[in-house]
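Structure below is upload.tsv: TSV, C-alpha atoms.
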chain	number	residue	atom	x	y	z
A	1	MET	CA	2.27	17.99	-11.32
A	2	LEU	CA	4.93	17.10	-8.73
A	3	LYS	CA	7.77	14.68	-9.43
A	4	THR	CA	10.99	13.72	-7.69
A	5	GLN	CA	14.08	12.26	-9.30
A	6	ASN	CA	16.79	10.44	-7.33
A	7	LEU	CA	15.85	12.58	-4.33
A	8	ALA	CA	17.82	12.33	-1.08
A	9	VAL	CA	16.64	14.27	1.99
A	10	GLY	CA	18.33	15.01	5.28
A	11	TYR	CA	20.53	17.58	7.00
A	12	LYS	CA	23.89	19.25	6.44
A	13	TYR	CA	26.14	20.13	9.37
A	14	GLY	CA	28.86	22.45	8.13
A	15	ARG	CA	31.93	20.50	7.11
A	16	ARG	CA	30.72	17.26	8.61
A	17	PRO	CA	29.18	14.59	6.37
A	18	PRO	CA	25.45	15.15	5.84
A	19	ARG	CA	22.93	12.96	7.64
A	20	VAL	CA	20.81	11.26	5.00
A	21	VAL	CA	17.30	10.46	6.25
A	22	ALA	CA	15.95	8.94	3.02
A	23	ARG	CA	17.39	8.49	-0.46
A	24	ASP	CA	16.53	7.29	-3.98
A	25	ILE	CA	13.00	8.74	-3.81
A	26	ASP	CA	11.26	8.68	-7.20
A	27	VAL	CA	7.57	9.55	-6.89
A	28	SER	CA	4.96	11.55	-8.75
A	29	LEU	CA	1.73	13.22	-7.71
A	30	HIS	CA	-1.16	13.81	-10.11
A	31	ARG	CA	-4.26	16.00	-10.25
A	32	GLY	CA	-7.24	14.80	-8.23
A	33	GLU	CA	-5.15	12.38	-6.13
A	34	PHE	CA	-5.38	12.09	-2.37
A	35	VAL	CA	-2.10	10.58	-1.14
A	36	CYS	CA	-1.05	9.77	2.43
A	37	LEU	CA	2.58	9.57	3.55
A	38	LEU	CA	3.03	6.92	6.25
A	39	GLY	CA	6.00	5.60	8.18
A	40	PRO	CA	7.33	5.06	11.69
A	41	ASN	CA	8.50	7.91	13.91
A	42	GLY	CA	11.89	9.20	12.84
A	43	ALA	CA	11.68	7.81	9.31
A	44	GLY	CA	11.84	11.32	7.82
A	45	LYS	CA	8.26	12.16	6.85
A	46	SER	CA	8.43	15.81	7.94
A	47	THR	CA	11.88	16.18	6.39
A	48	LEU	CA	10.54	14.88	3.09
A	49	ILE	CA	7.52	17.22	3.28
A	50	ARG	CA	9.75	20.26	3.87
A	51	THR	CA	11.98	19.26	0.97
A	52	LEU	CA	9.05	18.76	-1.41
A	53	VAL	CA	7.72	22.27	-0.74
A	54	GLY	CA	11.13	23.99	-1.05
A	55	MET	CA	11.56	24.83	2.64
A	56	GLN	CA	14.67	22.65	2.83
A	57	PRO	CA	17.17	21.92	0.03
A	58	PRO	CA	17.62	18.30	-1.05
A	59	LEU	CA	20.92	16.57	-0.35
A	60	ASP	CA	20.77	15.13	-3.83
A	61	GLY	CA	18.38	14.82	-6.74
A	62	HIS	CA	15.56	17.09	-7.82
A	63	VAL	CA	11.98	18.12	-7.05
A	64	TYR	CA	10.03	19.16	-10.14
A	65	LEU	CA	6.89	21.27	-9.85
A	66	MET	CA	4.77	21.65	-12.97
A	67	GLY	CA	7.84	20.56	-14.96
A	68	ARG	CA	10.21	23.09	-13.36
A	69	ASP	CA	12.93	22.40	-10.80
A	70	ILE	CA	11.63	23.93	-7.57
A	71	ALA	CA	15.15	25.16	-6.79
A	72	ASP	CA	14.87	27.53	-9.77
A	73	MET	CA	11.48	28.97	-8.71
A	74	SER	CA	10.93	32.06	-6.56
A	75	ALA	CA	8.99	31.83	-3.29
A	76	THR	CA	6.05	33.63	-4.93
A	77	GLU	CA	6.02	31.23	-7.88
A	78	VAL	CA	6.03	28.25	-5.53
A	79	ALA	CA	3.26	29.76	-3.36
A	80	GLN	CA	1.06	30.22	-6.43
A	81	VAL	CA	1.19	26.46	-7.05
A	82	ILE	CA	1.63	24.85	-3.60
A	83	SER	CA	-0.12	25.61	-0.32
A	84	VAL	CA	1.30	24.16	2.88
A	85	VAL	CA	-0.30	23.35	6.24
A	86	LEU	CA	2.27	22.44	8.90
A	87	THR	CA	1.86	20.83	12.31
A	88	ASP	CA	3.19	23.88	14.16
A	89	ARG	CA	0.52	26.05	15.76
A	90	ILE	CA	0.71	29.57	14.32
A	91	GLY	CA	0.15	32.47	16.71
A	92	VAL	CA	-2.14	35.00	15.00
A	93	GLY	CA	-3.19	37.15	17.95
A	94	ILE	CA	-6.67	38.66	17.74
A	95	MET	CA	-7.83	37.94	14.21
A	96	ALA	CA	-11.14	36.97	12.66
A	97	VAL	CA	-11.32	33.72	10.72
A	98	ARG	CA	-12.09	35.48	7.44
A	99	ASP	CA	-9.03	37.70	7.81
A	100	LEU	CA	-6.78	34.67	8.46
A	101	VAL	CA	-8.16	32.86	5.42
A	102	GLY	CA	-7.58	36.04	3.41
A	103	LEU	CA	-3.84	35.75	4.08
A	104	GLY	CA	-3.85	32.94	1.56
A	105	ARG	CA	-4.49	35.47	-1.22
A	106	TYR	CA	-1.24	37.38	-0.83
A	107	PRO	CA	0.71	35.42	-3.49
A	108	HIS	CA	-1.89	36.75	-5.93
A	109	THR	CA	-2.31	40.38	-4.78
A	110	ASP	CA	-0.26	43.48	-5.62
A	111	TRP	CA	2.68	44.71	-3.52
A	112	ILE	CA	0.44	46.41	-0.91
A	113	GLY	CA	-1.94	43.46	-0.69
A	114	ARG	CA	-5.09	45.10	-2.09
A	115	PHE	CA	-8.04	42.76	-2.56
A	116	THR	CA	-10.18	42.70	-5.68
A	117	GLU	CA	-13.74	41.41	-5.90
A	118	GLU	CA	-12.28	38.14	-7.17
A	119	ASP	CA	-10.06	37.86	-4.09
A	120	GLU	CA	-13.08	38.36	-1.81
A	121	TRP	CA	-15.01	35.74	-3.76
A	122	VAL	CA	-12.15	33.22	-3.48
A	123	VAL	CA	-11.94	33.73	0.30
A	124	SER	CA	-15.67	33.08	0.63
A	125	TRP	CA	-15.39	30.00	-1.59
A	126	ALA	CA	-12.46	28.64	0.44
A	127	ILE	CA	-14.39	28.99	3.69
A	128	ARG	CA	-17.38	27.19	2.17
A	129	ALA	CA	-15.20	24.45	0.67
A	130	ALA	CA	-13.59	23.82	4.07
A	131	ARG	CA	-17.08	23.64	5.64
A	132	ALA	CA	-16.24	26.50	7.97
A	133	GLU	CA	-19.02	29.00	7.15
A	134	ASP	CA	-20.22	29.10	10.76
A	135	LEU	CA	-16.73	30.17	11.86
A	136	THR	CA	-16.33	33.09	9.42
A	137	TYR	CA	-16.44	35.93	11.95
A	138	ARG	CA	-15.18	34.06	15.00
A	139	ASN	CA	-11.92	35.00	16.70
A	140	VAL	CA	-9.27	32.44	15.75
A	141	ALA	CA	-8.00	32.31	19.35
A	142	GLU	CA	-11.41	31.01	20.46
A	143	LEU	CA	-11.50	28.03	18.10
A	144	SER	CA	-11.09	24.38	19.05
A	145	ASP	CA	-8.26	22.40	17.46
A	146	GLY	CA	-10.66	20.83	14.95
A	147	GLU	CA	-12.19	24.19	14.00
A	148	ARG	CA	-8.75	25.76	13.71
A	149	GLN	CA	-7.58	23.01	11.36
A	150	LYS	CA	-10.57	23.64	9.08
A	151	VAL	CA	-9.62	27.32	8.98
A	152	MET	CA	-5.99	26.50	8.08
A	153	ILE	CA	-7.24	24.29	5.26
A	154	ALA	CA	-9.48	27.16	4.10
A	155	ARG	CA	-6.45	29.50	4.11
A	156	ALA	CA	-4.52	26.96	2.02
A	157	LEU	CA	-7.44	26.74	-0.42
A	158	ALA	CA	-7.57	30.53	-0.72
A	159	GLN	CA	-4.15	30.39	-2.38
A	160	GLN	CA	-5.90	28.53	-5.21
A	161	PRO	CA	-3.06	26.02	-5.39
A	162	ASP	CA	-2.82	23.10	-7.76
A	163	LEU	CA	-1.19	21.11	-4.96
A	164	MET	CA	-1.84	21.04	-1.20
A	165	ILE	CA	0.69	19.48	1.18
A	166	LEU	CA	-0.13	18.98	4.85
A	167	ASP	CA	2.14	17.72	7.63
A	168	GLU	CA	0.12	15.69	10.15
A	169	PRO	CA	-3.03	17.87	9.96
A	170	THR	CA	-4.94	15.56	12.35
A	171	ALA	CA	-2.20	15.23	14.99
A	172	PHE	CA	-4.02	16.99	17.86
A	173	LEU	CA	-7.60	16.03	17.02
A	174	ASP	CA	-9.93	13.48	18.57
A	175	LEU	CA	-11.11	10.54	16.48
A	176	PRO	CA	-14.35	12.07	15.09
A	177	ARG	CA	-12.51	15.27	14.07
A	178	ARG	CA	-9.67	13.24	12.49
A	179	ALA	CA	-12.18	11.32	10.39
A	180	GLU	CA	-13.97	14.57	9.46
A	181	ILE	CA	-10.75	16.26	8.28
A	182	MET	CA	-9.62	13.20	6.30
A	183	ALA	CA	-13.01	12.92	4.59
A	184	LEU	CA	-12.93	16.66	3.82
A	185	LEU	CA	-9.49	16.45	2.20
A	186	GLN	CA	-10.41	13.36	0.19
A	187	ASP	CA	-13.52	15.13	-1.10
A	188	LEU	CA	-11.55	18.28	-1.98
A	189	ALA	CA	-9.03	16.28	-4.02
A	190	HIS	CA	-11.73	14.46	-5.95
A	191	SER	CA	-14.16	17.39	-6.41
A	192	THR	CA	-11.68	20.18	-7.22
A	193	GLY	CA	-8.99	18.19	-9.05
A	194	LYS	CA	-6.29	19.39	-6.66
A	195	ALA	CA	-3.51	17.01	-5.72
A	196	ILE	CA	-3.35	16.59	-1.94
A	197	LEU	CA	-0.49	14.96	-0.04
A	198	LEU	CA	-0.49	14.63	3.72
A	199	SER	CA	1.67	12.88	6.27
A	200	THR	CA	-0.11	11.07	9.07
A	201	HIS	CA	0.23	8.42	11.75
A	202	ASP	CA	-3.45	7.48	11.43
A	203	LEU	CA	-3.01	4.21	9.56
A	204	ASP	CA	-6.65	3.12	9.65
A	205	LEU	CA	-8.03	6.35	8.16
A	206	ALA	CA	-5.24	6.47	5.57
A	207	LEU	CA	-6.06	2.94	4.40
A	208	ARG	CA	-9.74	3.87	4.11
A	209	CYS	CA	-9.35	7.26	2.41
A	210	ALA	CA	-6.13	7.46	0.39
A	211	ASP	CA	-5.98	6.81	-3.34
A	212	ARG	CA	-2.29	5.99	-2.93
A	213	ILE	CA	0.15	5.55	-0.06
A	214	TYR	CA	3.75	6.71	0.16
A	215	LEU	CA	5.31	4.27	2.64
A	216	LEU	CA	8.60	5.47	4.12
A	217	PRO	CA	10.63	2.96	6.18
A	218	PHE	CA	13.53	3.70	8.52
A	219	GLU	CA	15.90	2.34	5.91
A	220	GLY	CA	15.34	1.28	2.34
A	221	ALA	CA	13.41	2.75	-0.53
A	222	LEU	CA	10.12	4.60	-0.25
A	223	GLN	CA	7.32	2.40	-1.63
A	224	THR	CA	4.21	3.71	-3.30
A	225	GLY	CA	0.97	2.08	-4.39
A	226	ALA	CA	-2.69	1.58	-3.63
A	227	PRO	CA	-3.24	0.81	0.08
A	228	GLU	CA	-4.48	-2.68	-0.72
A	229	ASP	CA	-1.47	-3.50	-2.91
A	230	LEU	CA	0.96	-2.49	-0.16
A	231	ILE	CA	-0.92	-4.71	2.30
A	232	LEU	CA	-0.98	-7.70	-0.03
A	233	ASN	CA	2.71	-7.48	-0.94
A	234	GLY	CA	3.73	-7.40	2.73
A	235	ALA	CA	5.12	-3.84	2.71
A	236	PHE	CA	3.15	-2.73	5.77
A	237	GLU	CA	4.25	-5.75	7.79
A	238	ASP	CA	7.89	-5.06	6.94
A	239	VAL	CA	7.81	-1.33	7.69
A	240	PHE	CA	5.87	-1.55	10.96
A	241	GLN	CA	7.62	-4.49	12.58
A	242	SER	CA	7.69	-4.33	16.38
A	243	ASP	CA	8.32	-6.64	19.31
A	244	GLY	CA	4.98	-5.96	20.98
A	245	VAL	CA	2.59	-5.66	18.04
A	246	HIS	CA	2.27	-6.79	14.46
A	247	PHE	CA	0.37	-5.58	11.41
A	248	ASP	CA	-2.40	-8.01	10.52
A	249	ALA	CA	-2.81	-8.10	6.74
A	250	ASP	CA	-6.20	-9.83	7.09
A	251	THR	CA	-7.78	-6.89	8.95
A	252	GLY	CA	-5.52	-3.97	8.02
A	253	ALA	CA	-4.91	-3.18	11.69
A	254	PHE	CA	-2.27	-3.61	14.35
A	255	LYS	CA	-2.67	-6.44	16.83
A	256	LEU	CA	-0.96	-7.17	20.10
A	257	ASN	CA	1.26	-10.21	20.04
A	258	ALA	CA	-0.05	-13.16	22.07
A	259	GLN	CA	1.49	-13.36	25.53
A	260	ARG	CA	3.33	-16.44	26.63
A	261	GLY	CA	1.54	-18.56	29.18
A	262	HIS	CA	-1.95	-18.06	27.74
A	263	ALA	CA	-3.51	-21.19	26.24
A	264	PRO	CA	-4.90	-20.83	22.68
A	265	VAL	CA	-8.64	-20.10	22.49
A	266	ALA	CA	-11.16	-21.12	19.82
A	267	VAL	CA	-14.22	-18.91	19.38
A	268	SER	CA	-17.51	-19.76	17.69
A	269	GLY	CA	-20.35	-17.30	17.21
A	270	GLU	CA	-21.78	-14.84	14.72
A	271	GLY	CA	-21.56	-11.20	13.74
A	272	ARG	CA	-20.73	-8.34	16.03
A	273	ARG	CA	-20.53	-10.32	19.26
A	274	GLU	CA	-18.00	-12.76	17.79
A	275	TYR	CA	-15.91	-9.90	16.35
A	276	TRP	CA	-15.67	-8.00	19.62
A	277	THR	CA	-15.07	-11.15	21.64
A	278	ILE	CA	-12.08	-11.99	19.44
A	279	ARG	CA	-10.85	-8.39	19.69
A	280	ALA	CA	-11.05	-8.51	23.48
A	281	LEU	CA	-9.24	-11.83	23.73
A	282	GLU	CA	-6.43	-10.61	21.48
A	283	ARG	CA	-6.17	-7.40	23.50
A	284	ALA	CA	-5.82	-9.54	26.63
A	285	GLY	CA	-2.92	-11.43	25.04
A	286	PHE	CA	-4.67	-14.66	24.02
A	287	GLN	CA	-4.00	-16.35	20.69
A	288	VAL	CA	-7.32	-16.95	18.96
A	289	GLY	CA	-7.68	-19.86	16.55
A	290	ASP	CA	-8.68	-23.51	16.32
A	291	ALA	CA	-5.13	-24.87	16.07
A	292	GLY	CA	-4.12	-26.35	19.42
A	293	ALA	CA	-6.95	-24.62	21.27
A	294	GLU	CA	-7.40	-25.73	24.89
A	295	TRP	CA	-10.33	-23.40	25.56
A	296	ARG	CA	-13.47	-23.30	23.39
A	297	VAL	CA	-15.76	-20.31	23.68
A	298	ASP	CA	-19.32	-20.65	22.35
A	299	ILE	CA	-21.21	-17.34	22.09
A	300	ARG	CA	-24.91	-17.99	22.63
A	301	GLU	CA	-28.08	-15.95	22.44
A	302	GLY	CA	-28.96	-13.85	25.45
A	303	ASP	CA	-25.50	-12.48	26.29
A	304	ALA	CA	-23.96	-15.77	27.38
A	305	TRP	CA	-20.37	-16.93	26.79
A	306	CYS	CA	-19.96	-20.65	27.41
A	307	VAL	CA	-16.40	-21.91	27.87
A	308	GLU	CA	-15.48	-25.60	27.61
A	309	ARG	CA	-12.18	-27.10	28.66
A	310	GLY	CA	-11.58	-30.77	29.27
A	311	GLY	CA	-15.30	-31.53	29.39
A	312	VAL	CA	-15.99	-28.82	32.00
A	313	VAL	CA	-18.32	-26.00	30.89
A	314	ARG	CA	-18.57	-22.58	32.51
A	315	GLU	CA	-20.89	-19.72	31.59
A	316	TYR	CA	-20.13	-15.99	31.76
A	317	ASP	CA	-22.43	-12.98	31.39
A	318	SER	CA	-19.96	-10.47	29.90
A	319	ILE	CA	-16.69	-10.28	28.01
A	320	ALA	CA	-14.99	-8.84	31.10
A	321	ASP	CA	-16.07	-11.89	33.16
A	322	LEU	CA	-15.00	-14.21	30.31
A	323	ILE	CA	-11.46	-12.81	30.27
A	324	ALA	CA	-11.22	-12.89	34.06
A	325	GLY	CA	-12.34	-16.54	34.01
A	326	LEU	CA	-9.79	-17.52	31.35
A	327	ARG	CA	-7.03	-15.80	33.27
A	328	GLY	CA	-8.04	-17.34	36.56
Using structure tokens, write down the structure that the file contains.
Amino acid sequence: MLKTQNLAVGYKYGRRPPRVVARDIDVSLHRGEFVCLLGPNGAGKSTLIRTLVGMQPPLDGHVYLMGRDIADMSATEVAQVISVVLTDRIGVGIMAVRDLVGLGRYPHTDWIGRFTEEDEWVVSWAIRAARAEDLTYRNVAELSDGERQKVMIARALAQQPDLMILDEPTAFLDLPRRAEIMALLQDLAHSTGKAILLSTHDLDLALRCADRIYLLPFEGALQTGAPEDLILNGAFEDVFQSDGVHFDADTGAFKLNAQRGHAPVAVSGEGRREYWTIRALERAGFQVGDAGAEWRVDIREGDAWCVERGGVVREYDSIADLIAGLRG
């Protein structure tokens, strides 16, 4: 459906040498796939997105859409295959949601934009598919960020594309709305057979939802694979290296590096209380593990944390008190 060959993306500045953001990109996107593009800030995710949809010419190589070089396709031909949702907030003035979604039909209408019964049906379907029926006759200017994003997805669906590409669609949403949008897009890819590619900084949701990951580092080749494969081969640890945090391949999450001066802590307990105790200690900068542990924390029934060090045992009633005691 979409394929790149020896693709290099970046910017040209007149007679000066071009600035290459990423090169040697060879990827493909297939029907029914939900793919997330991840990478650190400045790696070139938005530049790659704009190049894939034909908004920016490649510095080298090719983007093929349905077997054709996108450079040889007209804007209308591209719009009949790809729909795009960008991060930028679009000013639409006073417009009802249904009218905004209807704008997605214009690649398929005649030169004056007349709607047929089929066009009206597609608009209604797109609103239902985006789970935005209750917003149909609302003014777009009155919508929350989460509601507005659903409407923009509905507009993209109204184009009846084979491929949807979204640039950070969850950027301004709170956590529940981010999870809702990611679940919606995953379901649309699997239920409609559309290929969906989105860029995001939400690593946790991408690892949980994506069929495949495109992982774009600052330098080096873009890597692609199942989320679990990229964790197991160390790709995530390499791409997201940082002085203050590290990617933990055991949990699939970022962790703060242990602070110097804190003695190692061993924790024993069960279930949820043990998990959140370890999380809190790591957040506070302690290294948790049995090796070389000077402190031993025993989580007991009845909300009690017993700490033993050098034969002396102290008891705390909360995690906050436990951390304060270890620091003191």
Requested in this report: One decimal, Å: what's the distance from atom CA of Asp290 of chain A over to atom CA of Ala266 of chain A, could you say?
Outcome: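 Separation of atom CA of Asp290 of chain A and atom CA of Ala266 of chain A: 4.9 Å.
Of the residues under consideration (A:Ala320, A:Asp69, A:Val84, A:Leu222), A:Leu222 shows the shortest atom-to-atom contact distance to Val9 of chain A when counting all atoms listed in the file.
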Query raised in the report: In Å, with one decimal, what is the gap from atom CA of Met152 of chain A to atom CA of Val85 of chain A?
Result: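 Atom-to-atom, atom CA of Met152 of chain A to atom CA of Val85 of chain A, that is 6.8 Å.
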Query raised in the report: Within 8 Å of Thr200 of chain A, counting all atoms listed in the file, which residues qualify if same-chain residues fewer than 4 places away don't, as a list in words?
Result: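 Everything that qualifies: Cys36, Leu37, Leu38, Asp167, Glu168, Pro169, Thr170, Ala171 and Ala206 of chain A.
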Query raised in the report: Which one of A:Glu301, A:Leu100, A:Gly39, A:Ser46 sits closest to Gln241 of chain A if you count all atoms listed in the file?
Result: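 Looking only at the distances to Gln241 of chain A, the closest residue turns out to be A:Gly39.
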Query raised in the report: Residues at most 7 Å from segment 103-107 of chain A, counting all atoms listed in the file, excluding those fewer than 2 positions away in the same chain, as a count of residues only?
Result: 13
Report task. Calculate how many Å separate atom CA of Asp211 of chain A from atom CA of Ala226 of chain A, rounding to one decimal. Result ->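 Separating atom CA of Asp211 of chain A from atom CA of Ala226 of chain A is a distance of 6.2 Å.
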Report task. Kindly provide, as a PyMOL selection string, the polymer residues lying within 7 Å of (-3.6, 23.8, -3.4), counting all atoms listed in the file and using the coordinates exactly as they appear in the file. Result -> chain A and resi 81-83+156-157+159-164+194
Selected residues written out, C-alpha atoms, as an mmCIF file, keeping the file's coordinate frame:
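Final file, again_37.cif:
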data_model
loop_
_atom_site.group_PDB
_atom_site.id
_atom_site.type_symbol
_atom_site.label_atom_id
_atom_site.label_comp_id
_atom_site.auth_asym_id
_atom_site.auth_seq_id
_atom_site.Cartn_x
_atom_site.Cartn_y
_atom_site.Cartn_z
ATOM 1 C CA VAL A 81 1.190 26.460 -7.050
ATOM 2 C CA ILE A 82 1.630 24.850 -3.600
ATOM 3 C CA SER A 83 -0.120 25.610 -0.320
ATOM 4 C CA ALA A 156 -4.520 26.960 2.020
ATOM 5 C CA LEU A 157 -7.440 26.740 -0.420
ATOM 6 C CA GLN A 159 -4.150 30.390 -2.380
ATOM 7 C CA GLN A 160 -5.900 28.530 -5.210
ATOM 8 C CA PRO A 161 -3.060 26.020 -5.390
ATOM 9 C CA ASP A 162 -2.820 23.100 -7.760
ATOM 10 C CA LEU A 163 -1.190 21.110 -4.960
ATOM 11 C CA MET A 164 -1.840 21.040 -1.200
ATOM 12 C CA LYS A 194 -6.290 19.390 -6.660
#
Query raised in the report: Out of A:Leu326, A:Leu65, A:Ala253, A:Ala291, which residue has the shortest atom-to-atom distance to Ala195 of chain A when counting only C-alpha atoms?
Result: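 Ranking A:Leu326, A:Leu65, A:Ala253, A:Ala291 by distance to Ala195 of chain A, first place goes to A:Leu65.
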**Report entry** Contacts of segment 26-35 of chain A at 9 Å (only C-alpha atoms; same-chain gap of 4+ positions) as JSON, numbers by chain
**Finding:** {"A": [1, 2, 3, 4, 5, 6, 7, 162, 163, 185, 186, 187, 188, 189, 190, 191, 192, 193, 194, 195, 196, 197, 198, 199, 206, 209, 210, 211, 212, 213, 214, 222, 223, 224]}
